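Shown next: start.txt, given as compact mmCIF, C-alpha atoms.
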# COMPACT_ATOMS: atom_id res chain seq x y z
CA MET A 1 -26.99 -6.64 3.02
CA GLU A 2 -23.89 -7.26 0.94
CA GLU A 3 -24.36 -3.90 -0.81
CA VAL A 4 -24.45 -2.12 2.55
CA ALA A 5 -21.24 -3.84 3.66
CA PHE A 6 -19.55 -3.06 0.33
CA PHE A 7 -20.43 0.62 0.40
CA ALA A 8 -19.45 0.96 4.07
CA GLY A 9 -16.06 -0.62 3.29
CA ALA A 10 -15.65 1.45 0.13
CA ILE A 11 -16.42 4.72 1.91
CA GLY A 12 -14.02 3.80 4.73
CA ALA A 13 -11.23 2.88 2.31
CA LEU A 14 -11.73 5.95 0.12
CA GLY A 15 -12.09 8.33 3.06
CA GLY A 16 -8.95 6.92 4.67
CA ALA A 17 -7.01 7.24 1.40
CA ILE A 18 -8.08 10.86 0.86
CA ALA A 19 -7.31 11.70 4.49
CA VAL A 20 -3.78 10.25 4.05
CA ILE A 21 -2.96 12.68 1.25
CA LEU A 22 -4.76 15.73 2.65
CA LEU A 23 -3.80 15.81 6.35
CA ARG A 24 -0.81 18.06 7.02
CA ASN A 25 0.54 16.18 10.05
CA PRO A 26 2.31 12.91 9.05
CA PHE A 27 1.20 11.31 12.32
CA TYR A 28 -2.48 11.76 11.42
CA SER A 29 -1.75 10.47 7.91
CA VAL A 30 -0.45 7.21 9.42
CA LEU A 31 -3.61 6.88 11.55
CA ALA A 32 -5.78 7.52 8.46
CA LEU A 33 -3.90 4.74 6.67
CA VAL A 34 -4.84 2.36 9.52
CA VAL A 35 -8.52 3.21 8.92
CA HIS A 36 -8.00 2.58 5.19
CA LEU A 37 -6.36 -0.81 5.80
CA VAL A 38 -9.05 -2.04 8.20
CA ALA A 39 -11.82 -1.01 5.76
CA LEU A 40 -9.95 -2.81 2.98
CA ALA A 41 -9.74 -5.95 5.14
CA GLY A 42 -13.55 -5.84 5.38
CA LEU A 43 -13.75 -5.75 1.57
CA PHE A 44 -11.39 -8.76 1.40
CA LEU A 45 -13.79 -10.63 3.70
CA LEU A 46 -16.65 -9.85 1.30
CA LEU A 47 -14.56 -11.39 -1.50
CA HIS A 48 -14.08 -14.59 0.57
CA ALA A 49 -10.37 -14.00 1.20
CA GLU A 50 -10.45 -14.72 4.92
CA PHE A 51 -6.76 -15.47 5.40
CA VAL A 52 -5.62 -12.41 3.43
CA ALA A 53 -7.98 -10.22 5.47
CA ALA A 54 -6.56 -11.57 8.74
CA ALA A 55 -2.99 -11.07 7.47
CA GLN A 56 -3.89 -7.54 6.38
CA VAL A 57 -5.11 -6.61 9.86
CA VAL A 58 -2.33 -8.35 11.79
CA VAL A 59 0.67 -7.62 9.55
CA TYR A 60 -0.26 -4.29 7.97
CA ALA A 61 -2.53 -2.48 10.39
CA GLY A 62 -0.61 -3.99 13.30
CA ALA A 63 3.10 -4.40 12.68
CA VAL A 64 3.92 -2.17 9.69
CA MET A 65 1.88 0.76 10.99
CA VAL A 66 3.63 0.57 14.38
CA LEU A 67 6.91 0.99 12.47
CA TYR A 68 5.49 4.07 10.72
CA VAL A 69 4.26 5.54 14.02
CA PHE A 70 7.72 5.09 15.56
CA VAL A 71 9.45 6.81 12.64
CA ALA A 72 6.86 9.62 12.54
CA ALA A 73 7.45 10.21 16.25
CA TYR A 74 11.26 9.99 15.80
CA ILE A 75 11.57 12.55 13.02
CA GLY A 76 8.82 14.77 14.43
CA GLY A 77 6.58 17.06 12.40
CA ILE A 78 8.11 17.87 9.02
CA GLU A 79 7.26 21.30 7.70
CA GLU A 80 6.27 20.95 4.09
CA PRO A 81 7.26 23.99 2.07
CA LEU A 82 4.59 25.87 0.20
CA TRP A 83 6.70 26.69 -2.85
CA GLU A 84 6.26 24.49 -5.88
CA PRO A 85 9.26 23.27 -7.86
CA ILE A 86 7.11 22.88 -10.97
CA PRO A 87 4.69 25.79 -11.46
CA GLY A 88 1.09 24.72 -10.92
CA GLN A 89 2.03 21.29 -9.57
CA ARG A 90 -0.77 21.31 -6.99
CA LEU A 91 -3.31 21.92 -9.73
CA LEU A 92 -1.81 19.55 -12.28
CA ALA A 93 -1.42 16.58 -9.91
CA PRO A 94 -5.17 16.03 -9.20
CA LEU A 95 -5.88 16.43 -12.92
CA LEU A 96 -3.30 13.73 -13.71
CA ALA A 97 -4.73 11.47 -11.00
CA GLY A 98 -8.23 11.94 -12.42
CA ALA A 99 -7.00 11.12 -15.90
CA LEU A 100 -5.31 7.99 -14.52
CA PHE A 101 -8.59 6.92 -12.86
CA VAL A 102 -10.58 7.40 -16.07
CA GLU A 103 -7.99 5.48 -18.07
CA LEU A 104 -7.86 2.58 -15.59
CA SER A 105 -11.66 2.40 -15.44
CA ILE A 106 -11.94 2.30 -19.23
CA ALA A 107 -9.27 -0.41 -19.33
CA VAL A 108 -11.02 -2.49 -16.65
CA LEU A 109 -14.61 -2.08 -17.84
CA GLY A 110 -13.77 -2.35 -21.52
CA THR A 111 -12.14 -5.75 -21.27
CA ALA A 112 -13.71 -8.76 -22.89
CA LEU A 113 -13.70 -10.61 -19.54
CA THR A 114 -17.21 -11.96 -19.13
CA THR A 115 -17.06 -12.79 -15.44
CA ILE A 116 -16.47 -9.29 -14.10
CA ASP A 117 -20.07 -8.13 -14.37
CA SER A 118 -21.28 -11.10 -12.30
CA GLU A 119 -20.66 -12.04 -8.71
CA GLY A 120 -18.21 -14.72 -9.77
CA PRO A 121 -18.72 -18.48 -9.92
CA THR A 122 -19.91 -20.58 -7.02
CA ILE A 123 -16.90 -21.30 -4.86
CA PRO A 124 -16.19 -24.45 -2.87
CA LEU A 125 -16.34 -24.51 0.89
CA GLY A 126 -13.01 -23.48 2.40
CA PHE A 127 -12.10 -21.05 -0.41
CA GLY A 128 -9.39 -18.69 0.87
CA SER A 129 -9.09 -20.54 4.16
CA PRO A 130 -5.66 -20.88 5.84
CA SER A 131 -5.44 -24.55 4.85
CA GLU A 132 -6.01 -23.83 1.17
CA ILE A 133 -3.53 -20.93 1.15
CA GLY A 134 -0.97 -23.06 2.99
CA THR A 135 -1.35 -25.94 0.57
CA LEU A 136 -0.91 -23.61 -2.41
CA PHE A 137 2.14 -21.93 -0.86
CA LEU A 138 3.89 -25.19 -0.04
CA GLU A 139 3.06 -27.00 -3.26
CA ARG A 140 2.44 -24.82 -6.30
CA PHE A 141 4.10 -21.59 -5.18
CA LEU A 142 6.99 -23.02 -3.15
CA ILE A 143 9.65 -21.03 -5.04
CA ALA A 144 7.75 -17.76 -4.54
CA PHE A 145 7.47 -18.58 -0.83
CA GLU A 146 11.22 -19.19 -0.47
CA VAL A 147 12.13 -16.10 -2.51
CA ALA A 148 9.82 -14.03 -0.28
CA SER A 149 11.62 -15.23 2.85
CA LEU A 150 15.00 -14.43 1.27
CA LEU A 151 13.74 -10.95 0.29
CA LEU A 152 12.62 -10.28 3.87
CA LEU A 153 16.03 -11.31 5.19
CA VAL A 154 17.85 -9.03 2.72
CA ALA A 155 15.54 -6.11 3.57
CA ALA A 156 16.10 -6.58 7.32
CA ILE A 157 19.90 -6.57 6.88
CA GLY A 158 19.68 -3.60 4.52
CA ALA A 159 17.68 -1.58 7.04
CA ILE A 160 20.24 -2.27 9.76
CA VAL A 161 23.09 -1.20 7.46
CA LEU A 162 21.23 1.95 6.36
CA ALA A 163 19.98 3.18 9.71
CA GLY A 164 22.83 1.93 11.91
CA LYS A 165 25.44 4.33 13.26
CA ARG A 166 28.62 4.72 11.22
CA LYS A 167 31.91 4.37 13.08
CA GLN A 168 33.15 7.95 12.58
CA GLU A 169 29.69 9.25 13.42
CA ALA A 170 29.70 7.32 16.69
CA GLU A 171 33.14 8.73 17.54
CA ALA A 172 32.12 12.28 16.69
CA GLN A 173 29.14 12.26 19.05
CA PRO A 174 29.73 9.87 21.95
CA MET B 1 -21.96 -7.14 -5.62
CA ALA B 2 -20.59 -7.51 -9.13
CA ILE B 3 -16.81 -7.79 -9.37
CA GLU B 4 -16.51 -4.65 -11.51
CA TRP B 5 -17.46 -2.48 -8.52
CA TYR B 6 -14.38 -3.74 -6.71
CA LEU B 7 -12.21 -3.13 -9.77
CA VAL B 8 -13.44 0.46 -10.17
CA LEU B 9 -12.86 1.09 -6.44
CA SER B 10 -9.36 -0.31 -6.85
CA ALA B 11 -8.70 2.04 -9.80
CA LEU B 12 -9.97 4.97 -7.72
CA LEU B 13 -7.73 4.11 -4.75
CA PHE B 14 -4.74 3.75 -7.09
CA ALA B 15 -5.44 7.17 -8.59
CA VAL B 16 -5.70 8.72 -5.11
CA GLY B 17 -2.35 7.19 -4.16
CA ALA B 18 -0.70 8.38 -7.38
CA GLY B 19 -2.06 11.89 -6.82
CA GLY B 20 -0.68 11.82 -3.28
CA VAL B 21 2.81 10.93 -4.55
CA LEU B 22 2.63 13.92 -6.90
CA ILE B 23 1.29 16.42 -4.34
CA ARG B 24 3.16 15.66 -1.11
CA ARG B 25 6.82 16.48 -0.54
CA SER B 26 7.60 14.63 2.70
CA PRO B 27 9.24 11.22 2.11
CA LEU B 28 7.23 9.63 4.93
CA VAL B 29 3.90 10.59 3.34
CA ILE B 30 5.14 9.51 -0.08
CA LEU B 31 5.83 6.04 1.39
CA LEU B 32 2.27 6.03 2.79
CA CYS B 33 0.94 6.86 -0.68
CA LEU B 34 2.96 3.97 -2.14
CA GLU B 35 1.20 1.73 0.38
CA LEU B 36 -2.13 3.04 -0.90
CA MET B 37 -1.20 2.11 -4.46
CA LEU B 38 0.04 -1.37 -3.49
CA ASN B 39 -3.17 -2.02 -1.57
CA ALA B 40 -5.26 -0.94 -4.55
CA GLY B 41 -3.36 -3.56 -6.56
CA ASN B 42 -4.08 -6.13 -3.86
CA LEU B 43 -7.80 -5.37 -4.01
CA ALA B 44 -7.79 -5.89 -7.78
CA LEU B 45 -5.88 -9.19 -7.43
CA ILE B 46 -8.34 -10.51 -4.86
CA ALA B 47 -11.33 -9.39 -6.92
CA PHE B 48 -9.94 -11.27 -9.93
CA SER B 49 -9.32 -14.30 -7.72
CA ARG B 50 -13.02 -14.22 -6.74
CA ALA B 51 -14.06 -13.72 -10.37
CA ASN B 52 -12.13 -16.82 -11.41
CA GLY B 53 -13.10 -18.90 -8.39
CA ASP B 54 -9.41 -19.67 -7.96
CA ALA B 55 -7.23 -18.84 -4.94
CA ASP B 56 -4.05 -18.07 -6.95
CA GLY B 57 -4.79 -14.34 -6.85
CA GLN B 58 -4.78 -14.41 -3.06
CA ILE B 59 -1.26 -15.89 -3.11
CA PHE B 60 -0.22 -13.00 -5.37
CA ALA B 61 -1.74 -10.54 -2.88
CA LEU B 62 0.20 -12.12 0.00
CA VAL B 63 3.47 -11.89 -1.98
CA VAL B 64 2.68 -8.21 -2.71
CA MET B 65 2.25 -7.73 1.04
CA VAL B 66 5.73 -9.21 1.66
CA VAL B 67 7.27 -6.93 -0.97
CA ALA B 68 5.47 -3.94 0.57
CA ALA B 69 6.85 -4.82 4.00
CA CYS B 70 10.40 -4.92 2.55
CA GLU B 71 9.86 -1.59 0.80
CA VAL B 72 8.66 -0.03 4.06
CA VAL B 73 11.66 -1.33 6.01
CA VAL B 74 14.22 -0.03 3.49
CA GLY B 75 12.36 3.26 2.96
CA LEU B 76 12.04 4.00 6.67
CA GLY B 77 15.72 3.08 7.11
CA LEU B 78 16.58 5.67 4.45
CA ILE B 79 14.42 8.32 6.16
CA VAL B 80 16.06 7.66 9.54
CA ALA B 81 19.52 7.86 7.92
CA MET B 82 18.60 11.16 6.23
CA PHE B 83 17.29 12.57 9.49
CA ARG B 84 20.40 11.51 11.38
CA ARG B 85 22.71 13.27 8.90
CA ARG B 86 20.58 16.40 9.22
CA LEU B 87 19.62 16.31 5.55
CA SER B 88 16.47 18.10 4.59
CA LEU B 89 13.43 15.78 4.64
CA ASN B 90 12.03 17.18 1.43
CA VAL B 91 12.19 15.14 -1.76
CA ASP B 92 12.66 18.23 -3.93
CA GLU B 93 15.88 19.18 -2.18
CA MET B 94 17.38 15.67 -2.42
CA ARG B 95 18.43 16.07 -6.02
CA SER B 96 22.20 15.57 -5.97
CA LEU B 97 21.89 12.19 -7.74
CA ARG B 98 20.08 13.85 -10.61
CA GLY B 99 22.19 14.17 -13.75

Written as structure tokens, how would this file's structure read?
Amino acid sequence: MEEVAFFAGAIGALGGAIAVILLRNPFYSVLALVVHLVALAGLFLLLHAEFVAAAQVVVYAGAVMVLYVFVAAYIGGIEEPLWEPIPGQRLLAPLLAGALFVELSIAVLGTALTTIDSEGPTIPLGFGSPSEIGTLFLERFLIAFEVASLLLLVAAIGAIVLAGKRKQEAEAQP
Amino acid sequence: MAIEWYLVLSALLFAVGAGGVLIRRSPLVILLCLELMLNAGNLALIAFSRANGDADGQIFALVVMVVAACEVVVGLGLIVAMFRRRLSLNVDEMRSLRG
């Protein structure tokens, strides 16, 4: 049963990822990324990361993707040129990606870590639950938590400064 | 399922995202491919957290999610600013910062 769920999630995540890079219309790419994220949330559930899976669906597939859809609708369809700045780039890029996959797989499978070819140790009840994550965030990782909130604030202000109308621009086109 | 299956899937998703960054020319799709790569990293972190029986990796994954949200906000702000100044939305033509 777990194998079926894993392969269903893996096929969904991989299919969504490949659809993101192959579809010509950016709007469809965003929708394919939503499929990818939901499938990935299913895999997180299989790994007993319930809170992360819920955050993935709510924050990523919900909020962040809505932002992408708005921007894709705002800028409209972008025509991607067919010329290649580097000759043979469309042939070389998949080869490089394949080489990267082989290298990462060798690095992961060749490690001396003994636990990765098992299902992992028996975990206590409540592993990955909101209460455990909250306790860790507010006790052991308090500084990371505060820095994350500061980073979000800076990013929000930066986006307003970047995308907001300049004064002379606003005067030029009332 | 053994943990190594998740790690190999994560490596595959990362490679797909990296290939997408190399192939596509639209900044919006390149941001989407960056999301793919960050999520592949998240999957590896959570798989290691399960392998160790320790929830620290899940905290890492949540922090990665926060950083990804910031990256999206700034990146989309840049795209909207480029569009508003009628600059070409093609990463190969935005090369005036290059030395």

With all atoms listed in the file as the atoms that count, which of B:Met94, B:Leu32, B:Ala2, B:Val74 lies nearest to Pro121 in chain A?
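Using all atoms listed in the file, Pro121 in chain A sits closest to B:Ala2.
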
May I have the residues of chain B within 6 Å of chain A, counting only C-alpha atoms, written as a PDB file with C-alpha atoms, in the coordinates of the input?
ATOM      1  CA  MET B   1     -21.960  -7.140  -5.620  1.00  0.00           C
ATOM      2  CA  ALA B   2     -20.590  -7.510  -9.130  1.00  0.00           C
ATOM      3  CA  ILE B   3     -16.810  -7.790  -9.370  1.00  0.00           C
ATOM      4  CA  GLU B   4     -16.510  -4.650 -11.510  1.00  0.00           C
ATOM      5  CA  VAL B   8     -13.440   0.460 -10.170  1.00  0.00           C
ATOM      6  CA  ALA B  11      -8.700   2.040  -9.800  1.00  0.00           C
ATOM      7  CA  LEU B  12      -9.970   4.970  -7.720  1.00  0.00           C
ATOM      8  CA  ALA B  15      -5.440   7.170  -8.590  1.00  0.00           C
ATOM      9  CA  GLY B  19      -2.060  11.890  -6.820  1.00  0.00           C
ATOM     10  CA  GLY B  20      -0.680  11.820  -3.280  1.00  0.00           C
ATOM     11  CA  LEU B  22       2.630  13.920  -6.900  1.00  0.00           C
ATOM     12  CA  ILE B  23       1.290  16.420  -4.340  1.00  0.00           C
ATOM     13  CA  ALA B  51     -14.060 -13.720 -10.370  1.00  0.00           C
ATOM     14  CA  GLY B  53     -13.100 -18.900  -8.390  1.00  0.00           C
ATOM     15  CA  CYS B  70      10.400  -4.920   2.550  1.00  0.00           C
ATOM     16  CA  VAL B  74      14.220  -0.030   3.490  1.00  0.00           C
ATOM     17  CA  GLY B  77      15.720   3.080   7.110  1.00  0.00           C
ATOM     18  CA  VAL B  80      16.060   7.660   9.540  1.00  0.00           C
ATOM     19  CA  ALA B  81      19.520   7.860   7.920  1.00  0.00           C
TER      20      ALA B  81
END

Could you tell me how far CA of Asn42 in chain B sits from CA of Val91 in chain B, in Å to one decimal place?
26.9 Å

Looking at all atoms listed in the file, which of A:Gly76, A:Ala8, A:Val58, A:Tyr28 is the one that sits closest to Phe83 in chain B?
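Using all atoms listed in the file, the shortest distance to Phe83 in chain B belongs to A:Gly76.
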
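CA of Phe14 in chain B sits 18.7 Å away from CA of Ala61 in chain A.
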
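Between CA of Ile30 in chain B and CA of Ala44 in chain B lies a distance of 21.5 Å.
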
Using the atoms already present, construct N, CA and C atoms for range 15-43 of chain B and hand them back as a PDB file, in the frame of the given file.
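And here is the file that came out, result-v4.pdb:
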ATOM      1  N   ALA B  15      -5.582   5.793  -8.113  1.00  0.00           N
ATOM      2  CA  ALA B  15      -5.440   7.170  -8.590  1.00  0.00           C
ATOM      3  C   ALA B  15      -5.219   8.118  -7.417  1.00  0.00           C
ATOM      4  N   VAL B  16      -5.912   7.871  -6.285  1.00  0.00           N
ATOM      5  CA  VAL B  16      -5.700   8.720  -5.110  1.00  0.00           C
ATOM      6  C   VAL B  16      -4.259   8.609  -4.633  1.00  0.00           C
ATOM      7  N   GLY B  17      -3.729   7.375  -4.601  1.00  0.00           N
ATOM      8  CA  GLY B  17      -2.350   7.190  -4.160  1.00  0.00           C
ATOM      9  C   GLY B  17      -1.365   7.871  -5.097  1.00  0.00           C
ATOM     10  N   ALA B  18      -1.606   7.756  -6.419  1.00  0.00           N
ATOM     11  CA  ALA B  18      -0.700   8.380  -7.380  1.00  0.00           C
ATOM     12  C   ALA B  18      -0.753   9.901  -7.240  1.00  0.00           C
ATOM     13  N   GLY B  19      -1.960  10.452  -7.037  1.00  0.00           N
ATOM     14  CA  GLY B  19      -2.060  11.890  -6.820  1.00  0.00           C
ATOM     15  C   GLY B  19      -1.328  12.320  -5.574  1.00  0.00           C
ATOM     16  N   GLY B  20      -1.392  11.492  -4.519  1.00  0.00           N
ATOM     17  CA  GLY B  20      -0.680  11.820  -3.280  1.00  0.00           C
ATOM     18  C   GLY B  20       0.826  11.873  -3.495  1.00  0.00           C
ATOM     19  N   VAL B  21       1.358  10.914  -4.276  1.00  0.00           N
ATOM     20  CA  VAL B  21       2.810  10.930  -4.550  1.00  0.00           C
ATOM     21  C   VAL B  21       3.184  12.222  -5.261  1.00  0.00           C
ATOM     22  N   LEU B  22       2.300  12.704  -6.154  1.00  0.00           N
ATOM     23  CA  LEU B  22       2.630  13.920  -6.900  1.00  0.00           C
ATOM     24  C   LEU B  22       2.495  15.172  -6.045  1.00  0.00           C
ATOM     25  N   ILE B  23       1.554  15.185  -5.097  1.00  0.00           N
ATOM     26  CA  ILE B  23       1.290  16.420  -4.340  1.00  0.00           C
ATOM     27  C   ILE B  23       2.244  16.577  -3.171  1.00  0.00           C
ATOM     28  N   ARG B  24       2.437  15.497  -2.383  1.00  0.00           N
ATOM     29  CA  ARG B  24       3.160  15.660  -1.110  1.00  0.00           C
ATOM     30  C   ARG B  24       4.662  15.684  -1.326  1.00  0.00           C
ATOM     31  N   ARG B  25       5.382  16.341  -0.406  1.00  0.00           N
ATOM     32  CA  ARG B  25       6.820  16.480  -0.540  1.00  0.00           C
ATOM     33  C   ARG B  25       7.590  15.763   0.573  1.00  0.00           C
ATOM     34  N   SER B  26       6.896  15.297   1.600  1.00  0.00           N
ATOM     35  CA  SER B  26       7.600  14.630   2.700  1.00  0.00           C
ATOM     36  C   SER B  26       7.799  13.163   2.360  1.00  0.00           C
ATOM     37  N   PRO B  27       9.011  12.616   2.503  1.00  0.00           N
ATOM     38  CA  PRO B  27       9.240  11.220   2.110  1.00  0.00           C
ATOM     39  C   PRO B  27       8.386  10.235   2.884  1.00  0.00           C
ATOM     40  N   LEU B  28       8.061  10.544   4.135  1.00  0.00           N
ATOM     41  CA  LEU B  28       7.230   9.630   4.930  1.00  0.00           C
ATOM     42  C   LEU B  28       5.839   9.502   4.306  1.00  0.00           C
ATOM     43  N   VAL B  29       5.242  10.634   3.921  1.00  0.00           N
ATOM     44  CA  VAL B  29       3.900  10.590   3.340  1.00  0.00           C
ATOM     45  C   VAL B  29       3.939   9.966   1.954  1.00  0.00           C
ATOM     46  N   ILE B  30       5.048  10.155   1.237  1.00  0.00           N
ATOM     47  CA  ILE B  30       5.140   9.510  -0.080  1.00  0.00           C
ATOM     48  C   ILE B  30       5.171   7.994   0.077  1.00  0.00           C
ATOM     49  N   LEU B  31       5.863   7.489   1.124  1.00  0.00           N
ATOM     50  CA  LEU B  31       5.830   6.040   1.390  1.00  0.00           C
ATOM     51  C   LEU B  31       4.408   5.583   1.704  1.00  0.00           C
ATOM     52  N   LEU B  32       3.665   6.392   2.477  1.00  0.00           N
ATOM     53  CA  LEU B  32       2.270   6.030   2.790  1.00  0.00           C
ATOM     54  C   LEU B  32       1.447   5.950   1.501  1.00  0.00           C
ATOM     55  N   CYS B  33       1.693   6.877   0.580  1.00  0.00           N
ATOM     56  CA  CYS B  33       0.940   6.860  -0.680  1.00  0.00           C
ATOM     57  C   CYS B  33       1.309   5.645  -1.522  1.00  0.00           C
ATOM     58  N   LEU B  34       2.580   5.214  -1.440  1.00  0.00           N
ATOM     59  CA  LEU B  34       2.960   3.970  -2.140  1.00  0.00           C
ATOM     60  C   LEU B  34       2.188   2.794  -1.569  1.00  0.00           C
ATOM     61  N   GLU B  35       2.000   2.787  -0.238  1.00  0.00           N
ATOM     62  CA  GLU B  35       1.200   1.730   0.380  1.00  0.00           C
ATOM     63  C   GLU B  35      -0.219   1.736  -0.176  1.00  0.00           C
ATOM     64  N   LEU B  36      -0.780   2.947  -0.342  1.00  0.00           N
ATOM     65  CA  LEU B  36      -2.130   3.040  -0.900  1.00  0.00           C
ATOM     66  C   LEU B  36      -2.187   2.383  -2.277  1.00  0.00           C
ATOM     67  N   MET B  37      -1.169   2.657  -3.115  1.00  0.00           N
ATOM     68  CA  MET B  37      -1.200   2.110  -4.460  1.00  0.00           C
ATOM     69  C   MET B  37      -1.025   0.595  -4.440  1.00  0.00           C
ATOM     70  N   LEU B  38      -0.143   0.086  -3.565  1.00  0.00           N
ATOM     71  CA  LEU B  38       0.040  -1.370  -3.490  1.00  0.00           C
ATOM     72  C   LEU B  38      -1.229  -2.051  -3.012  1.00  0.00           C
ATOM     73  N   ASN B  39      -1.939  -1.411  -2.067  1.00  0.00           N
ATOM     74  CA  ASN B  39      -3.170  -2.020  -1.570  1.00  0.00           C
ATOM     75  C   ASN B  39      -4.266  -1.994  -2.609  1.00  0.00           C
ATOM     76  N   ALA B  40      -4.289  -0.951  -3.456  1.00  0.00           N
ATOM     77  CA  ALA B  40      -5.260  -0.940  -4.550  1.00  0.00           C
ATOM     78  C   ALA B  40      -4.988  -2.119  -5.485  1.00  0.00           C
ATOM     79  N   GLY B  41      -3.708  -2.390  -5.745  1.00  0.00           N
ATOM     80  CA  GLY B  41      -3.360  -3.560  -6.560  1.00  0.00           C
ATOM     81  C   GLY B  41      -3.813  -4.845  -5.907  1.00  0.00           C
ATOM     82  N   ASN B  42      -3.638  -4.933  -4.578  1.00  0.00           N
ATOM     83  CA  ASN B  42      -4.080  -6.130  -3.860  1.00  0.00           C
ATOM     84  C   ASN B  42      -5.576  -6.346  -4.003  1.00  0.00           C
ATOM     85  N   LEU B  43      -6.350  -5.243  -3.889  1.00  0.00           N
ATOM     86  CA  LEU B  43      -7.800  -5.370  -4.010  1.00  0.00           C
ATOM     87  C   LEU B  43      -8.174  -5.898  -5.395  1.00  0.00           C
TER      88      LEU B  43
END
